[in-house]
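Text of the file coords-v5.cif, holding mmCIF, C-alpha atoms, pLDDT in the B column; chains and numbers go by the auth columns:
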```cif
data_final
#
loop_
_atom_site.group_PDB
_atom_site.id
_atom_site.type_symbol
_atom_site.label_atom_id
_atom_site.label_comp_id
_atom_site.label_asym_id
_atom_site.label_seq_id
_atom_site.Cartn_x
_atom_site.Cartn_y
_atom_site.Cartn_z
_atom_site.B_iso_or_equiv
_atom_site.auth_seq_id
_atom_site.auth_asym_id
ATOM 1 C CA MET A 1 11.025 23.583 20.886 42.00 1 A
ATOM 2 C CA LYS A 2 11.174 23.883 17.132 45.00 2 A
ATOM 3 C CA ALA A 3 12.158 20.694 15.407 47.00 3 A
ATOM 4 C CA LYS A 4 14.481 20.873 12.427 51.00 4 A
ATOM 5 C CA ILE A 5 12.989 18.272 10.182 53.00 5 A
ATOM 6 C CA LEU A 6 14.592 17.180 6.951 54.00 6 A
ATOM 7 C CA ILE A 7 12.116 17.015 4.142 49.00 7 A
ATOM 8 C CA VAL A 8 13.613 14.991 1.366 47.00 8 A
ATOM 9 C CA ALA A 9 11.979 17.015 -1.341 42.00 9 A
ATOM 10 C CA VAL A 10 10.193 14.965 -3.804 40.00 10 A
ATOM 11 C CA CYS A 11 11.807 11.583 -4.173 39.00 11 A
ATOM 12 C CA ALA A 12 9.935 10.711 -7.302 41.00 12 A
ATOM 13 C CA ILE A 13 7.805 12.933 -9.464 40.00 13 A
ATOM 14 C CA LEU A 14 5.335 10.899 -11.397 42.00 14 A
ATOM 15 C CA VAL A 15 3.155 12.673 -13.892 42.00 15 A
ATOM 16 C CA VAL A 16 0.169 10.491 -14.535 42.00 16 A
ATOM 17 C CA ALA A 17 -2.216 11.096 -17.411 42.00 17 A
ATOM 18 C CA CYS A 18 -5.184 9.716 -15.507 45.00 18 A
ATOM 19 C CA SER A 19 -8.513 11.238 -14.709 46.00 19 A
ATOM 20 C CA LYS A 20 -8.356 14.994 -14.097 50.00 20 A
ATOM 21 C CA ASP A 21 -10.519 14.386 -10.987 62.00 21 A
ATOM 22 C CA LYS A 22 -7.401 13.066 -9.234 78.00 22 A
ATOM 23 C CA TYR A 23 -5.834 16.531 -9.191 86.00 23 A
ATOM 24 C CA ASN A 24 -7.264 19.517 -7.344 90.00 24 A
ATOM 25 C CA THR A 25 -6.122 23.075 -6.664 91.00 25 A
ATOM 26 C CA THR A 26 -5.886 22.148 -2.979 94.00 26 A
ATOM 27 C CA PRO A 27 -3.022 19.679 -2.405 95.00 27 A
ATOM 28 C CA LYS A 28 -4.058 16.171 -1.389 96.00 28 A
ATOM 29 C CA LEU A 29 -1.746 14.536 1.133 96.00 29 A
ATOM 30 C CA THR A 30 -1.921 10.777 1.781 96.00 30 A
ATOM 31 C CA PHE A 31 0.008 9.004 4.552 97.00 31 A
ATOM 32 C CA LYS A 32 1.780 5.951 3.118 98.00 32 A
ATOM 33 C CA ASN A 33 3.986 4.562 5.911 98.00 33 A
ATOM 34 C CA VAL A 34 6.453 5.026 8.742 98.00 34 A
ATOM 35 C CA ASN A 35 9.621 2.936 9.127 98.00 35 A
ATOM 36 C CA GLY A 36 8.649 1.338 12.459 97.00 36 A
ATOM 37 C CA ASP A 37 6.511 1.648 15.566 97.00 37 A
ATOM 38 C CA VAL A 38 9.079 1.614 18.418 97.00 38 A
ATOM 39 C CA PHE A 39 12.101 3.937 18.321 95.00 39 A
ATOM 40 C CA PRO A 40 15.081 4.279 20.701 93.00 40 A
ATOM 41 C CA GLN A 41 16.717 7.665 21.214 89.00 41 A
ATOM 42 C CA GLY A 42 18.937 8.549 18.284 90.00 42 A
ATOM 43 C CA ALA A 43 16.747 6.682 15.797 93.00 43 A
ATOM 44 C CA ASN A 44 15.685 8.163 12.480 95.00 44 A
ATOM 45 C CA ILE A 45 11.903 8.162 12.041 96.00 45 A
ATOM 46 C CA ARG A 46 10.977 8.287 8.352 96.00 46 A
ATOM 47 C CA PHE A 47 7.439 9.167 7.286 97.00 47 A
ATOM 48 C CA THR A 48 6.429 8.715 3.635 96.00 48 A
ATOM 49 C CA PHE A 49 3.524 10.495 1.935 96.00 49 A
ATOM 50 C CA GLU A 50 1.991 10.839 -1.472 95.00 50 A
ATOM 51 C CA VAL A 51 0.925 14.296 -2.571 94.00 51 A
ATOM 52 C CA THR A 52 -1.083 15.336 -5.605 94.00 52 A
ATOM 53 C CA ASP A 53 -1.654 18.921 -6.743 94.00 53 A
ATOM 54 C CA LYS A 54 -3.186 20.348 -9.914 94.00 54 A
ATOM 55 C CA GLU A 55 -0.741 23.268 -10.193 93.00 55 A
ATOM 56 C CA GLY A 56 2.259 21.368 -8.790 91.00 56 A
ATOM 57 C CA ASP A 57 3.189 24.303 -6.529 92.00 57 A
ATOM 58 C CA ILE A 58 3.691 22.488 -3.215 92.00 58 A
ATOM 59 C CA GLN A 59 7.070 24.148 -2.507 91.00 59 A
ATOM 60 C CA ASP A 60 5.934 26.064 0.573 91.00 60 A
ATOM 61 C CA THR A 61 5.428 24.512 4.021 94.00 61 A
ATOM 62 C CA MET A 62 4.906 21.013 5.417 95.00 62 A
ATOM 63 C CA TRP A 63 3.645 21.052 8.993 95.00 63 A
ATOM 64 C CA LEU A 64 4.444 18.372 11.555 95.00 64 A
ATOM 65 C CA GLU A 65 2.628 18.137 14.863 94.00 65 A
ATOM 66 C CA LYS A 66 3.609 15.596 17.524 93.00 66 A
ATOM 67 C CA ILE A 67 0.853 14.791 20.009 93.00 67 A
ATOM 68 C CA SER A 68 1.811 12.841 23.110 91.00 68 A
ATOM 69 C CA TYR A 69 -0.442 10.482 25.059 91.00 69 A
ATOM 70 C CA SER A 70 2.146 10.198 27.850 86.00 70 A
ATOM 71 C CA CYS A 71 3.759 13.594 28.351 83.00 71 A
ATOM 72 C CA GLY A 72 1.078 16.239 27.985 80.00 72 A
ATOM 73 C CA GLU A 73 2.354 19.594 26.749 80.00 73 A
ATOM 74 C CA ASP A 74 5.995 18.594 27.318 74.00 74 A
ATOM 75 C CA GLY A 75 5.613 16.044 24.518 79.00 75 A
ATOM 76 C CA HIS A 76 3.820 18.395 22.086 86.00 76 A
ATOM 77 C CA ILE A 77 5.699 19.835 19.115 88.00 77 A
ATOM 78 C CA LEU A 78 4.330 21.957 16.264 90.00 78 A
ATOM 79 C CA SER A 79 6.867 22.546 13.532 90.00 79 A
ATOM 80 C CA PRO A 80 6.570 24.263 10.132 91.00 80 A
ATOM 81 C CA ASN A 81 9.155 22.980 7.653 89.00 81 A
ATOM 82 C CA ARG A 82 10.060 24.485 4.294 90.00 82 A
ATOM 83 C CA VAL A 83 9.496 22.263 1.261 88.00 83 A
ATOM 84 C CA PRO A 84 12.591 22.691 -0.952 85.00 84 A
ATOM 85 C CA ASP A 85 12.194 24.106 -4.443 84.00 85 A
ATOM 86 C CA PHE A 86 12.285 21.578 -7.241 82.00 86 A
ATOM 87 C CA THR A 87 11.355 21.426 -10.896 83.00 87 A
ATOM 88 C CA THR A 88 7.727 20.461 -11.286 82.00 88 A
ATOM 89 C CA ARG A 89 4.759 20.594 -13.614 86.00 89 A
ATOM 90 C CA LYS A 90 0.990 20.608 -13.492 91.00 90 A
ATOM 91 C CA ASP A 91 -0.913 17.523 -12.321 92.00 91 A
ATOM 92 C CA LEU A 92 1.840 16.625 -9.862 92.00 92 A
ATOM 93 C CA GLN A 93 1.915 13.243 -8.153 92.00 93 A
ATOM 94 C CA ALA A 94 4.940 12.732 -5.910 90.00 94 A
ATOM 95 C CA ASP A 95 6.242 10.908 -2.862 92.00 95 A
ATOM 96 C CA ILE A 96 7.664 12.950 0.016 92.00 96 A
ATOM 97 C CA ASP A 97 9.853 11.572 2.823 92.00 97 A
ATOM 98 C CA ILE A 98 10.165 13.383 6.137 92.00 98 A
ATOM 99 C CA ASN A 99 13.040 12.312 8.380 92.00 99 A
ATOM 100 C CA VAL A 100 12.956 13.114 12.085 91.00 100 A
ATOM 101 C CA LEU A 101 15.859 12.317 14.406 91.00 101 A
ATOM 102 C CA TYR A 102 14.451 11.261 17.775 89.00 102 A
ATOM 103 C CA GLY A 103 16.411 12.900 20.564 82.00 103 A
ATOM 104 C CA THR A 104 17.654 15.812 18.442 75.00 104 A
ATOM 105 C CA ASP A 105 14.698 17.012 16.374 75.00 105 A
ATOM 106 C CA LEU A 106 12.155 15.599 18.796 75.00 106 A
ATOM 107 C CA GLY A 107 12.300 16.092 22.495 66.00 107 A
ATOM 108 C CA GLY A 108 10.852 13.285 24.543 64.00 108 A
ATOM 109 C CA CYS A 109 9.251 12.811 27.899 73.00 109 A
ATOM 110 C CA THR A 110 11.571 13.454 30.789 73.00 110 A
ATOM 111 C CA GLY A 111 12.508 10.065 32.200 78.00 111 A
ATOM 112 C CA LYS A 112 9.765 7.982 30.588 85.00 112 A
ATOM 113 C CA THR A 113 8.706 6.382 27.326 89.00 113 A
ATOM 114 C CA ASP A 114 6.363 8.437 25.148 90.00 114 A
ATOM 115 C CA SER A 115 3.393 7.074 23.209 93.00 115 A
ATOM 116 C CA CYS A 116 2.444 9.580 20.561 94.00 116 A
ATOM 117 C CA TYR A 117 1.183 10.156 17.056 96.00 117 A
ATOM 118 C CA PHE A 118 2.023 12.707 14.397 96.00 118 A
ATOM 119 C CA GLN A 119 -0.194 14.857 12.210 97.00 119 A
ATOM 120 C CA PHE A 120 0.922 16.419 8.929 97.00 120 A
ATOM 121 C CA TRP A 121 -0.459 18.898 6.417 97.00 121 A
ATOM 122 C CA ILE A 122 1.013 20.836 3.510 96.00 122 A
ATOM 123 C CA LYS A 123 0.480 24.365 2.196 95.00 123 A
ATOM 124 C CA ASP A 124 1.220 25.304 -1.406 93.00 124 A
ATOM 125 C CA LYS A 125 2.564 28.588 -2.823 93.00 125 A
ATOM 126 C CA GLU A 126 -0.969 29.952 -3.306 93.00 126 A
ATOM 127 C CA GLY A 127 -1.864 29.283 0.348 94.00 127 A
ATOM 128 C CA HIS A 128 -4.068 26.222 -0.259 94.00 128 A
ATOM 129 C CA VAL A 129 -3.858 23.811 2.694 96.00 129 A
ATOM 130 C CA SER A 130 -4.339 20.042 2.421 95.00 130 A
ATOM 131 C CA ASP A 131 -6.360 17.917 4.793 95.00 131 A
ATOM 132 C CA THR A 132 -4.516 16.725 7.899 97.00 132 A
ATOM 133 C CA VAL A 133 -3.197 13.155 7.854 98.00 133 A
ATOM 134 C CA GLN A 134 -2.177 11.145 10.902 98.00 134 A
ATOM 135 C CA SER A 135 0.440 8.502 11.631 98.00 135 A
ATOM 136 C CA PRO A 136 -0.257 5.396 13.681 98.00 136 A
ATOM 137 C CA THR A 137 0.675 5.517 17.366 97.00 137 A
ATOM 138 C CA LEU A 138 4.437 5.283 17.906 96.00 138 A
ATOM 139 C CA LYS A 139 6.456 4.489 21.009 95.00 139 A
ATOM 140 C CA LEU A 140 9.509 6.673 21.682 92.00 140 A
ATOM 141 C CA LEU A 141 11.748 4.933 24.206 91.00 141 A
ATOM 142 C CA ASN A 142 13.562 6.943 26.847 84.00 142 A
ATOM 143 C CA GLU A 143 16.326 4.617 28.013 72.00 143 A
#
```
How does the structure come out when it is put into structure tokens?
Amino acid sequence: MKAKILIVAVCAILVVACSKDKYNTTPKLTFKNVNGDVFPQGANIRFTFEVTDKEGDIQDTMWLEKISYSCGEDGHILSPNRVPDFTTRKDLQADIDINVLYGTDLGGCTGKTDSCYFQFWIKDKEGHVSDTVQSPTLKLLNE
């Protein structure tokens, strides 16, 4: 099942004139937070990340992978999601929100609660892929 995830492009673009070591050709993705740890069906799960990139060309693909402790392969989702185009510049530092609607975008375990975590990575226009970052364990209720 392919999830249709809403990537709220870049909420804030902050160009920082700090050390050039902070920015690399390969995007750097950092997990910041998630808006909870237990979600009923129909809930919006919002993940927030910081991304830095020397060229600022992150408008390609953000990958989401859901890995279930409870449901095996039935609870596994791998979903590429297009990063919307936006005006940018070199030495990009930005926050990205990803919103996932549990029950619509994410299937769950059949008849039981799912404990799972999510992994994310981003690819830029030149094909450079960031490291993979992971969310804490979440509980998706099936009631």
Within 7 Å of range 47-62 of chain A: each range 95-140 of chain A residue with its shortest pair, all atoms listed in the file, as a tab-separated table:
```
residue	atom	partner	partner_atom	distance
A:Asp95	CA	A:Glu50	CA	4.5
A:Ile96	CA	A:Phe49	CA	5.2
A:Asp97	CA	A:Thr48	CA	4.5
A:Ile98	CA	A:Phe47	CA	5.2
A:Asn99	CA	A:Phe47	CA	6.5
A:Trp121	CA	A:Met62	CA	5.9
A:Ile122	CA	A:Met62	CA	4.3
A:Lys123	CA	A:Thr61	CA	5.3
A:Asp124	CA	A:Ile58	CA	4.2
A:Lys125	CA	A:Asp60	CA	5.4
```
Translate the PyMOL selection byres ((chain A and resi 104-116) around 12), as applied to the file shown, into an explicit residue set as a PyMOL selection string. chain A and resi 1-6+37-45+64-79+81+98-103+117-119+134-143
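You will find CA of Val133 in chain A at 24.1 Å from CA of Arg89 in chain A.
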Step by step, work through what the PyMOL selection byres ((chain A and resi 35) around 6) selects in the shown file, and finish by giving those residues as a PyMOL selection string. chain A and resi 34+36+46
With the PyMOL selection byres ((chain A and resi 26) around 8) as the selection, what would be picked from this file? Answer as a VMD selection string, please. chain A and resid 24 to 25 27 to 28 53 to 54 124 128 to 130
Would you compute, for all listed atoms of range 84-98 of chain A, the axis-aligned bounding box grown by 4 Å on each side, and then report its centre and edge lengths in Å rounded to one decimal, as AutoDock Vina command-line options?
```
--center_x 5.8 --center_y 17.5 --center_z -3.7 --size_x 21.5 --size_y 21.2 --size_z 27.8
```
Suppose you want the space between CA of Arg82 in chain A and CA of Glu126 in chain A; what is it in Å? 14.5 Å
Taking N, CA and C atoms as the atom set, what does range 55-88 of chain A look like once completed, written as a PDB file, in the coordinates of the input?
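Below you can see out-v4.pdb, which holds the result:
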```pdb
ATOM      1  N   GLU A  55      -1.717  22.302  -9.699  1.00 93.00           N
ATOM      2  CA  GLU A  55      -0.741  23.268 -10.193  1.00 93.00           C
ATOM      3  C   GLU A  55       0.702  22.825  -9.966  1.00 93.00           C
ATOM      4  N   GLY A  56       0.917  21.860  -9.074  1.00 91.00           N
ATOM      5  CA  GLY A  56       2.259  21.368  -8.790  1.00 91.00           C
ATOM      6  C   GLY A  56       3.111  22.333  -7.983  1.00 91.00           C
ATOM      7  N   ASP A  57       2.459  23.247  -7.247  1.00 92.00           N
ATOM      8  CA  ASP A  57       3.189  24.303  -6.529  1.00 92.00           C
ATOM      9  C   ASP A  57       3.267  24.051  -5.021  1.00 92.00           C
ATOM     10  N   ILE A  58       3.684  22.859  -4.635  1.00 92.00           N
ATOM     11  CA  ILE A  58       3.691  22.488  -3.215  1.00 92.00           C
ATOM     12  C   ILE A  58       4.938  22.975  -2.471  1.00 92.00           C
ATOM     13  N   GLN A  59       5.810  23.731  -3.126  1.00 91.00           N
ATOM     14  CA  GLN A  59       7.070  24.148  -2.507  1.00 91.00           C
ATOM     15  C   GLN A  59       6.853  25.302  -1.529  1.00 91.00           C
ATOM     16  N   ASP A  60       6.101  25.067  -0.471  1.00 91.00           N
ATOM     17  CA  ASP A  60       5.934  26.064   0.573  1.00 91.00           C
ATOM     18  C   ASP A  60       6.247  25.443   1.924  1.00 91.00           C
ATOM     19  N   THR A  61       5.217  24.975   2.648  1.00 94.00           N
ATOM     20  CA  THR A  61       5.428  24.512   4.021  1.00 94.00           C
ATOM     21  C   THR A  61       4.745  23.176   4.265  1.00 94.00           C
ATOM     22  N   MET A  62       5.470  22.269   4.921  1.00 95.00           N
ATOM     23  CA  MET A  62       4.906  21.013   5.417  1.00 95.00           C
ATOM     24  C   MET A  62       4.928  21.111   6.932  1.00 95.00           C
ATOM     25  N   TRP A  63       3.770  20.952   7.540  1.00 95.00           N
ATOM     26  CA  TRP A  63       3.645  21.052   8.993  1.00 95.00           C
ATOM     27  C   TRP A  63       3.686  19.673   9.620  1.00 95.00           C
ATOM     28  N   LEU A  64       4.374  19.581  10.745  1.00 95.00           N
ATOM     29  CA  LEU A  64       4.444  18.372  11.555  1.00 95.00           C
ATOM     30  C   LEU A  64       3.967  18.746  12.947  1.00 95.00           C
ATOM     31  N   GLU A  65       3.075  17.941  13.490  1.00 94.00           N
ATOM     32  CA  GLU A  65       2.628  18.137  14.863  1.00 94.00           C
ATOM     33  C   GLU A  65       2.725  16.808  15.593  1.00 94.00           C
ATOM     34  N   LYS A  66       3.480  16.793  16.683  1.00 93.00           N
ATOM     35  CA  LYS A  66       3.609  15.596  17.524  1.00 93.00           C
ATOM     36  C   LYS A  66       2.659  15.761  18.700  1.00 93.00           C
ATOM     37  N   ILE A  67       1.817  14.762  18.912  1.00 93.00           N
ATOM     38  CA  ILE A  67       0.853  14.791  20.009  1.00 93.00           C
ATOM     39  C   ILE A  67       1.112  13.588  20.900  1.00 93.00           C
ATOM     40  N   SER A  68       1.417  13.861  22.158  1.00 91.00           N
ATOM     41  CA  SER A  68       1.811  12.841  23.110  1.00 91.00           C
ATOM     42  C   SER A  68       0.623  12.372  23.944  1.00 91.00           C
ATOM     43  N   TYR A  69       0.526  11.054  24.120  1.00 91.00           N
ATOM     44  CA  TYR A  69      -0.442  10.482  25.059  1.00 91.00           C
ATOM     45  C   TYR A  69       0.134  10.470  26.474  1.00 91.00           C
ATOM     46  N   SER A  70       1.471  10.446  26.587  1.00 86.00           N
ATOM     47  CA  SER A  70       2.146  10.198  27.850  1.00 86.00           C
ATOM     48  C   SER A  70       2.683  11.442  28.546  1.00 86.00           C
ATOM     49  N   CYS A  71       2.982  12.486  27.796  1.00 83.00           N
ATOM     50  CA  CYS A  71       3.759  13.594  28.351  1.00 83.00           C
ATOM     51  C   CYS A  71       3.030  14.932  28.398  1.00 83.00           C
ATOM     52  N   GLY A  72       1.793  14.969  27.989  1.00 80.00           N
ATOM     53  CA  GLY A  72       1.078  16.239  27.985  1.00 80.00           C
ATOM     54  C   GLY A  72       1.768  17.259  27.102  1.00 80.00           C
ATOM     55  N   GLU A  73       1.771  18.508  27.544  1.00 80.00           N
ATOM     56  CA  GLU A  73       2.354  19.594  26.749  1.00 80.00           C
ATOM     57  C   GLU A  73       3.863  19.451  26.551  1.00 80.00           C
ATOM     58  N   ASP A  74       4.552  18.788  27.477  1.00 74.00           N
ATOM     59  CA  ASP A  74       5.995  18.594  27.318  1.00 74.00           C
ATOM     60  C   ASP A  74       6.315  17.754  26.086  1.00 74.00           C
ATOM     61  N   GLY A  75       5.388  16.910  25.667  1.00 79.00           N
ATOM     62  CA  GLY A  75       5.613  16.044  24.518  1.00 79.00           C
ATOM     63  C   GLY A  75       5.011  16.577  23.237  1.00 79.00           C
ATOM     64  N   HIS A  76       4.482  17.810  23.258  1.00 86.00           N
ATOM     65  CA  HIS A  76       3.820  18.395  22.086  1.00 86.00           C
ATOM     66  C   HIS A  76       4.803  19.253  21.298  1.00 86.00           C
ATOM     67  N   ILE A  77       4.857  19.028  19.998  1.00 88.00           N
ATOM     68  CA  ILE A  77       5.699  19.835  19.115  1.00 88.00           C
ATOM     69  C   ILE A  77       4.870  20.219  17.898  1.00 88.00           C
ATOM     70  N   LEU A  78       4.930  21.477  17.507  1.00 90.00           N
ATOM     71  CA  LEU A  78       4.330  21.957  16.264  1.00 90.00           C
ATOM     72  C   LEU A  78       5.447  22.602  15.473  1.00 90.00           C
ATOM     73  N   SER A  79       5.704  22.096  14.276  1.00 90.00           N
ATOM     74  CA  SER A  79       6.867  22.546  13.532  1.00 90.00           C
ATOM     75  C   SER A  79       6.547  22.762  12.058  1.00 90.00           C
ATOM     76  N   PRO A  80       6.664  24.017  11.577  1.00 91.00           N
ATOM     77  CA  PRO A  80       6.570  24.263  10.132  1.00 91.00           C
ATOM     78  C   PRO A  80       7.928  23.975   9.494  1.00 91.00           C
ATOM     79  N   ASN A  81       7.919  23.344   8.336  1.00 89.00           N
ATOM     80  CA  ASN A  81       9.155  22.980   7.653  1.00 89.00           C
ATOM     81  C   ASN A  81       9.057  23.345   6.185  1.00 89.00           C
ATOM     82  N   ARG A  82      10.041  24.023   5.684  1.00 90.00           N
ATOM     83  CA  ARG A  82      10.060  24.485   4.294  1.00 90.00           C
ATOM     84  C   ARG A  82      10.212  23.297   3.344  1.00 90.00           C
ATOM     85  N   VAL A  83       9.359  23.255   2.327  1.00 88.00           N
ATOM     86  CA  VAL A  83       9.496  22.263   1.261  1.00 88.00           C
ATOM     87  C   VAL A  83      10.489  22.845   0.259  1.00 88.00           C
ATOM     88  N   PRO A  84      11.580  22.149  -0.027  1.00 85.00           N
ATOM     89  CA  PRO A  84      12.591  22.691  -0.952  1.00 85.00           C
ATOM     90  C   PRO A  84      12.019  22.905  -2.349  1.00 85.00           C
ATOM     91  N   ASP A  85      12.573  23.874  -3.049  1.00 84.00           N
ATOM     92  CA  ASP A  85      12.194  24.106  -4.443  1.00 84.00           C
ATOM     93  C   ASP A  85      12.692  22.951  -5.299  1.00 84.00           C
ATOM     94  N   PHE A  86      11.911  22.608  -6.291  1.00 82.00           N
ATOM     95  CA  PHE A  86      12.285  21.578  -7.241  1.00 82.00           C
ATOM     96  C   PHE A  86      11.530  21.830  -8.530  1.00 82.00           C
ATOM     97  N   THR A  87      12.011  21.277  -9.603  1.00 83.00           N
ATOM     98  CA  THR A  87      11.355  21.426 -10.896  1.00 83.00           C
ATOM     99  C   THR A  87      10.095  20.575 -10.893  1.00 83.00           C
ATOM    100  N   THR A  88       9.005  21.163 -11.320  1.00 82.00           N
ATOM    101  CA  THR A  88       7.727  20.461 -11.286  1.00 82.00           C
ATOM    102  C   THR A  88       6.899  20.816 -12.508  1.00 82.00           C
TER     103      THR A  88
END
```
